[in-house]
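Only one structure is covered here, and it is reproduced in the block below.
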Amino acid sequence: MTARDHARRAAQRFGAGERTDAVDPGPSLPDRLTAARERKGVDLVRAERDTKIRVRYLSALESGDYRDLPGAVYTKGFLRNYGIYLGLDPEDVLRQWRRERGEATAPEPIIVPPRPLAEPARPLNFSPSVVVAALLTAGVVLFFIYLSAQLLRYSRPPDLAVTNPAQAVIDVEESTTSYRLAGTSTAGATISILTPGQVQPYRTTAQSDGTWAVQVDLRRGQNRFDISAVNPETGKEAETPRTVVITVPFLVFQAPTLTVTQPVEGTTYGNGAIAVEGTTTNAQTVMATATFLGAAPGAPPTSPRPARTAAPAPGASAEPAKGTTMNVADDGSFEFPPLELTAGRWAITVTAASAQGQTATQTRNVVVAYSGVNLVVGIRGNPAWIKVWVDGTLVGPQSGRVYAAGNTITLHGTTSVEIRTGSSGATHFTLNGVSLGTLGKSGVPETWLFNPPDPPAQTQRT
């Protein structure tokens, strides 16, 4: 069958009739498809696998049996995809298909979708279940808002501000003896105000509007107040404590005042390490001196001893009996290193001196009556490893460890104390108030036995 026959047959199938005056259209579409496939060198089975178009539909396209196809829409899709696969112009293939069907000039119908019907607005209808659900939802939202606010409140530390004085450092009149500190904080917060030398701080509670106020005492000189706030419910402290410094000037040529809290008059000490401490006002320096008065009551008489001074701080050089002087702290307090005194009666004199040379003096009489072995071990200059036996028994807490320079160990035994030191020259000994100094050389390990009244003896214990 020729191409003209195929074209005539296709026209008859779609009712186009036979046109005797038409120009020779060339190869029919089925012939073009078949020829293009053969040029590509594939069979229908391979074409099916590549194009995903069933063999029966491909065969219908190549034979012109369009009635075996599912419909015009599917046929156009098959022709387009198959034409592209065979290397043909898909639009040209579709035009020839329409021409052979007799649809070359017939436009495709325009499909106008029907307009949707407008649905009238429905009136709002709130059923009881909808109202209940809305109320429950609102309640849950409000509960979570409240819970979040409480969690935020508990997680935040209290605020703290000082409104009086307006500045952190101020000077007041020399006659001022008290001052009203005031500020703001979180309502209910506990405000604590601590000043150096004071055992118990001032305390108050912030009012419902957050304000607080405390009347504090002032002394001459510099008064420092450290202010903090604590939320009693959460225990959280203010992130930024406040500090206020109030200075009361000294009266011109005012004599210093002196209070000696240690030692206590008439006290008997069993180890000879006497603490000297107290407070003073209007003073710049304090000096402590110990004077030997004689043997202790009930002890055999002894020759008078020279005056003893307060022991210097670790690492400082000892001076002859001139008295040890130290500066007064900012809060007016002073504390000397312990006096190391021998057995007997002693007078400890404390003298406070102002910058103008005026002084105040107090004396405390004490008795030193040693019992057993009292040994003070001081580490000077370099670290030293220490091991201790008291009355022949190894002492755990003080043994087998390295002490840094400046440390002091006080030991008491009934009959004896034995010390193993890793650096004999860095270990200073004071036995029953008598300074023995070092007994060996620095860096040399030695063991010394203290068993009074016998002199210290070196042993081989390790």
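Just remember, in the structure tokens the first chain shown is A, the second B, etc., residues are 1-based per chain, and ligands are 1-based in the order shown.
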Identify all residues of segment 135-369 of chain A in strand (DSSP E) (DSSP on the backbone) and supply them as number ranges by chain.
A: 160-164, 169-171, 178-185, 190-194, 202-205, 211-217, 221-230, 242-248, 257-262, 268-269, 273-281, 285-294, 308-309, 324-327, 333-340, 344-353, 359-368
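Non-sequential neighbours of segment 413-417 of chain A (distance at most 9 Å, separation of 4 or more positions within a chain, only C-alpha atoms) are Ser371, Gly372, Val373, Asn374, Leu375, Val388, Trp389, Val390, Asp391, Gly392, Trp448, Leu449, Phe450, Asn451 and Pro452 of chain A.
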Near Arg156 of chain A, within 10 Å and counting only C-alpha atoms, which residues show up once chain neighbours fewer than 4 positions away are dropped, as a PyMOL selection string?
chain A and resi 151-152+231+234+236-239
Of the candidates A:Ala168, A:Ala283, A:Ala273, A:Val376, which shows the shortest atom-to-atom distance to Ile227 of chain A, using only C-alpha atoms?
A:Ala168
List as a PyMOL selection string the protein and nucleic acid residues near Leu160 of chain A, meaning an atom at most 7 Å away when only C-alpha atoms are counted, but skip any in the same chain fewer than 2 places from it.
chain A and resi 158+184-185+229+238
Pick out the residues sitting within 12 Å of Gly400 of chain A, and hand them over as a list of chain:residue names; count only C-alpha atoms, and ignore anything fewer than 5 positions along from it in its own chain.
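In the requested form, the answer reads A:Ala384, A:Trp385, A:Ile386, A:Lys387, A:Val388, A:Trp389, A:Leu394, A:Val395, A:Ile419, A:Arg420, A:Thr421, A:Gly422, A:Thr462.
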Near-segment 242-245 of chain A list (6 Å; only C-alpha atoms; drop same-chain fewer than 4 positions) as a list in words
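The residues that qualify are Ala168, Val169, Asn223, Arg224, Phe225, Asp226 and Ile227 of chain A.
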Would you save the residues from that selection as a CSV table (one decimal), in the first residue's frame, using N, CA, C and O atoms?
```csv
chain,number,residue,atom,x,y,z
A,168,ALA,N,29.5,56.3,95.8
A,168,ALA,CA,30.0,55.2,96.6
A,168,ALA,C,31.0,55.6,97.6
A,168,ALA,O,31.2,54.9,98.6
A,169,VAL,N,31.7,56.7,97.4
A,169,VAL,CA,32.7,57.1,98.4
A,169,VAL,C,32.4,58.6,98.8
A,169,VAL,O,32.3,59.5,97.9
A,223,ASN,N,35.2,54.1,106.9
A,223,ASN,CA,34.2,53.1,107.2
A,223,ASN,C,33.7,52.5,105.9
A,223,ASN,O,33.2,53.2,105.1
A,224,ARG,N,33.9,51.2,105.8
A,224,ARG,CA,33.6,50.4,104.6
A,224,ARG,C,32.3,49.6,104.8
A,224,ARG,O,32.3,48.8,105.8
A,225,PHE,N,31.4,49.6,104.0
A,225,PHE,CA,30.1,48.9,104.1
A,225,PHE,C,29.9,48.1,102.8
A,225,PHE,O,29.8,48.6,101.7
A,226,ASP,N,29.9,46.7,103.0
A,226,ASP,CA,29.6,45.8,101.8
A,226,ASP,C,28.1,45.4,101.9
A,226,ASP,O,27.7,44.8,102.9
A,227,ILE,N,27.4,45.8,100.9
A,227,ILE,CA,25.9,45.6,100.9
A,227,ILE,C,25.6,44.5,99.9
A,227,ILE,O,26.0,44.5,98.7
```
Members of segment 125-241 of chain A assigned helix (DSSP H, G or I) by DSSP, as a list in words:
Pro128, Ser129, Val130, Val131, Val132, Ala133, Ala134, Leu135, Leu136, Thr137, Ala138, Gly139, Val140, Val141, Leu142, Phe143, Phe144, Ile145, Tyr146, Leu147, Ser148, Ala149, Gln150, Leu151, Leu152, Arg153, Tyr154 and Ser155 of chain A
Written selection (N, CA, C and O atoms) as a short mmCIF file (atom, residue, chain, number, x, y, z; two decimals), in the first residue's frame:
```cif
data_model
loop_
_atom_site.label_atom_id
_atom_site.label_comp_id
_atom_site.auth_asym_id
_atom_site.auth_seq_id
_atom_site.Cartn_x
_atom_site.Cartn_y
_atom_site.Cartn_z
N PRO A 128 -22.62 24.93 72.60
CA PRO A 128 -22.03 24.87 73.95
C PRO A 128 -20.66 24.19 73.97
O PRO A 128 -19.78 24.59 74.73
N SER A 129 -20.46 23.17 73.14
CA SER A 129 -19.15 22.50 73.14
C SER A 129 -18.05 23.41 72.64
O SER A 129 -16.92 23.40 73.14
N VAL A 130 -18.38 24.28 71.63
CA VAL A 130 -17.38 25.22 71.12
C VAL A 130 -17.02 26.23 72.20
O VAL A 130 -15.85 26.57 72.41
N VAL A 131 -18.03 26.73 72.93
CA VAL A 131 -17.77 27.70 73.99
C VAL A 131 -16.90 27.08 75.09
O VAL A 131 -15.94 27.69 75.58
N VAL A 132 -17.20 25.86 75.49
CA VAL A 132 -16.41 25.19 76.53
C VAL A 132 -14.97 24.99 76.07
O VAL A 132 -14.01 25.22 76.82
N ALA A 133 -14.80 24.56 74.80
CA ALA A 133 -13.45 24.34 74.29
C ALA A 133 -12.66 25.64 74.26
O ALA A 133 -11.46 25.68 74.60
N ALA A 134 -13.33 26.75 73.87
CA ALA A 134 -12.65 28.05 73.83
C ALA A 134 -12.24 28.48 75.23
O ALA A 134 -11.12 28.98 75.45
N LEU A 135 -13.14 28.28 76.22
CA LEU A 135 -12.81 28.65 77.60
C LEU A 135 -11.65 27.82 78.14
O LEU A 135 -10.76 28.33 78.82
N LEU A 136 -11.66 26.52 77.84
CA LEU A 136 -10.56 25.66 78.30
C LEU A 136 -9.24 26.09 77.67
O LEU A 136 -8.19 26.12 78.34
N THR A 137 -9.28 26.40 76.38
CA THR A 137 -8.05 26.84 75.70
C THR A 137 -7.52 28.12 76.33
O THR A 137 -6.32 28.26 76.60
N ALA A 138 -8.43 29.09 76.57
CA ALA A 138 -8.01 30.34 77.19
C ALA A 138 -7.44 30.10 78.59
O ALA A 138 -6.44 30.71 78.99
N GLY A 139 -8.07 29.18 79.35
CA GLY A 139 -7.56 28.87 80.68
C GLY A 139 -6.17 28.27 80.65
O GLY A 139 -5.30 28.61 81.46
N VAL A 140 -5.94 27.33 79.70
CA VAL A 140 -4.61 26.72 79.59
C VAL A 140 -3.57 27.76 79.22
O VAL A 140 -2.46 27.79 79.77
N VAL A 141 -3.91 28.66 78.29
CA VAL A 141 -2.96 29.72 77.89
C VAL A 141 -2.63 30.61 79.07
O VAL A 141 -1.46 30.94 79.33
N LEU A 142 -3.65 31.03 79.83
CA LEU A 142 -3.41 31.89 80.99
C LEU A 142 -2.58 31.17 82.04
O LEU A 142 -1.71 31.79 82.69
N PHE A 143 -2.82 29.88 82.24
CA PHE A 143 -2.04 29.12 83.21
C PHE A 143 -0.57 29.08 82.83
O PHE A 143 0.33 29.27 83.66
N PHE A 144 -0.30 28.83 81.56
CA PHE A 144 1.10 28.78 81.12
C PHE A 144 1.76 30.14 81.20
O PHE A 144 2.96 30.24 81.50
N ILE A 145 0.99 31.20 80.94
CA ILE A 145 1.55 32.55 81.10
C ILE A 145 1.91 32.80 82.57
O ILE A 145 3.00 33.32 82.89
N TYR A 146 1.03 32.41 83.48
CA TYR A 146 1.31 32.57 84.91
C TYR A 146 2.51 31.74 85.34
O TYR A 146 3.39 32.21 86.07
N LEU A 147 2.56 30.49 84.86
CA LEU A 147 3.68 29.60 85.22
C LEU A 147 5.00 30.16 84.71
O LEU A 147 6.03 30.14 85.41
N SER A 148 5.00 30.68 83.49
CA SER A 148 6.23 31.26 82.93
C SER A 148 6.67 32.47 83.75
O SER A 148 7.86 32.66 84.00
N ALA A 149 5.70 33.29 84.16
CA ALA A 149 6.05 34.46 84.97
C ALA A 149 6.66 34.05 86.30
O ALA A 149 7.64 34.65 86.78
N GLN A 150 6.11 33.00 86.93
CA GLN A 150 6.66 32.53 88.20
C GLN A 150 8.05 31.96 88.04
O GLN A 150 8.95 32.21 88.86
N LEU A 151 8.25 31.16 86.98
CA LEU A 151 9.58 30.60 86.74
C LEU A 151 10.60 31.70 86.50
O LEU A 151 11.74 31.64 86.98
N LEU A 152 10.19 32.73 85.74
CA LEU A 152 11.10 33.85 85.49
C LEU A 152 11.41 34.58 86.79
O LEU A 152 12.55 34.99 87.04
N ARG A 153 10.40 34.71 87.64
CA ARG A 153 10.61 35.39 88.93
C ARG A 153 11.56 34.61 89.82
O ARG A 153 12.43 35.19 90.48
N TYR A 154 11.42 33.29 89.84
CA TYR A 154 12.28 32.48 90.70
C TYR A 154 13.69 32.35 90.14
O TYR A 154 14.63 32.11 90.88
N SER A 155 13.85 32.48 88.84
CA SER A 155 15.18 32.31 88.25
C SER A 155 16.01 33.58 88.31
O SER A 155 17.22 33.54 88.18
#
```
With distances taken over only C-alpha atoms, which of A:Pro397, A:Gly188, A:Gly270, A:Pro455 is nearest to His412 of chain A?
A:Gly270
Computed gap from atom CA of Glu233 of chain A to atom CA of Gly183 of chain A is 20.6 Å
Write out as a PyMOL selection string the residues lying within 8 Å of segment 253-262 of chain A, counting only C-alpha atoms and excluding same-chain residues fewer than 4 positions away.
chain A and resi 275-283+350+352-354+356+358-362
Same residues, C-alpha atoms, output as a tab-separated table (two decimals), in the first residue's frame:
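Resulting contents of again32.tsv:
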```
chain	number	residue	atom	x	y	z
A	275	ALA	CA	48.24	36.08	120.64
A	276	VAL	CA	48.23	39.89	120.73
A	277	GLU	CA	45.29	41.61	119.04
A	278	GLY	CA	42.74	44.37	119.50
A	279	THR	CA	41.38	47.59	118.03
A	280	THR	CA	42.34	51.25	118.10
A	281	THR	CA	41.15	54.60	116.80
A	282	ASN	CA	43.08	57.67	115.76
A	283	ALA	CA	46.22	55.52	115.63
A	350	VAL	CA	50.77	47.32	123.63
A	352	ALA	CA	49.18	52.70	119.85
A	353	ALA	CA	50.64	55.84	118.28
A	354	SER	CA	48.94	58.50	116.15
A	356	GLN	CA	50.88	63.37	115.55
A	358	GLN	CA	50.27	60.87	120.69
A	359	THR	CA	50.09	57.40	122.24
A	360	ALA	CA	47.84	55.09	124.25
A	361	THR	CA	49.25	52.12	126.19
A	362	GLN	CA	47.82	49.01	127.86
```
Which residue of A:Val42, A:Ala405, A:Ala187, A:Leu194 approaches Ala206 of chain A most closely, using only C-alpha atoms
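The answer is A:Ala187, which sits nearest to Ala206 of chain A.
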Looking at A:Tyr85, A:Leu44, A:Pro30, A:Ile274, which one is nearest to Leu61 of chain A, with distances taken over only C-alpha atoms?
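For Leu61 of chain A, the nearest of the given residues is A:Pro30.
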Using only C-alpha atoms, the shortest atom-to-atom distance to Gly294 of chain A among A:Leu181, A:Ala347, A:Leu436, A:Ala457 belongs to A:Ala347
Which distance in Å separates atom CA of Glu174 of chain A and atom CA of Val216 of chain A, to one decimal?
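Separation between atom CA of Glu174 of chain A and atom CA of Val216 of chain A: 15.7 Å.
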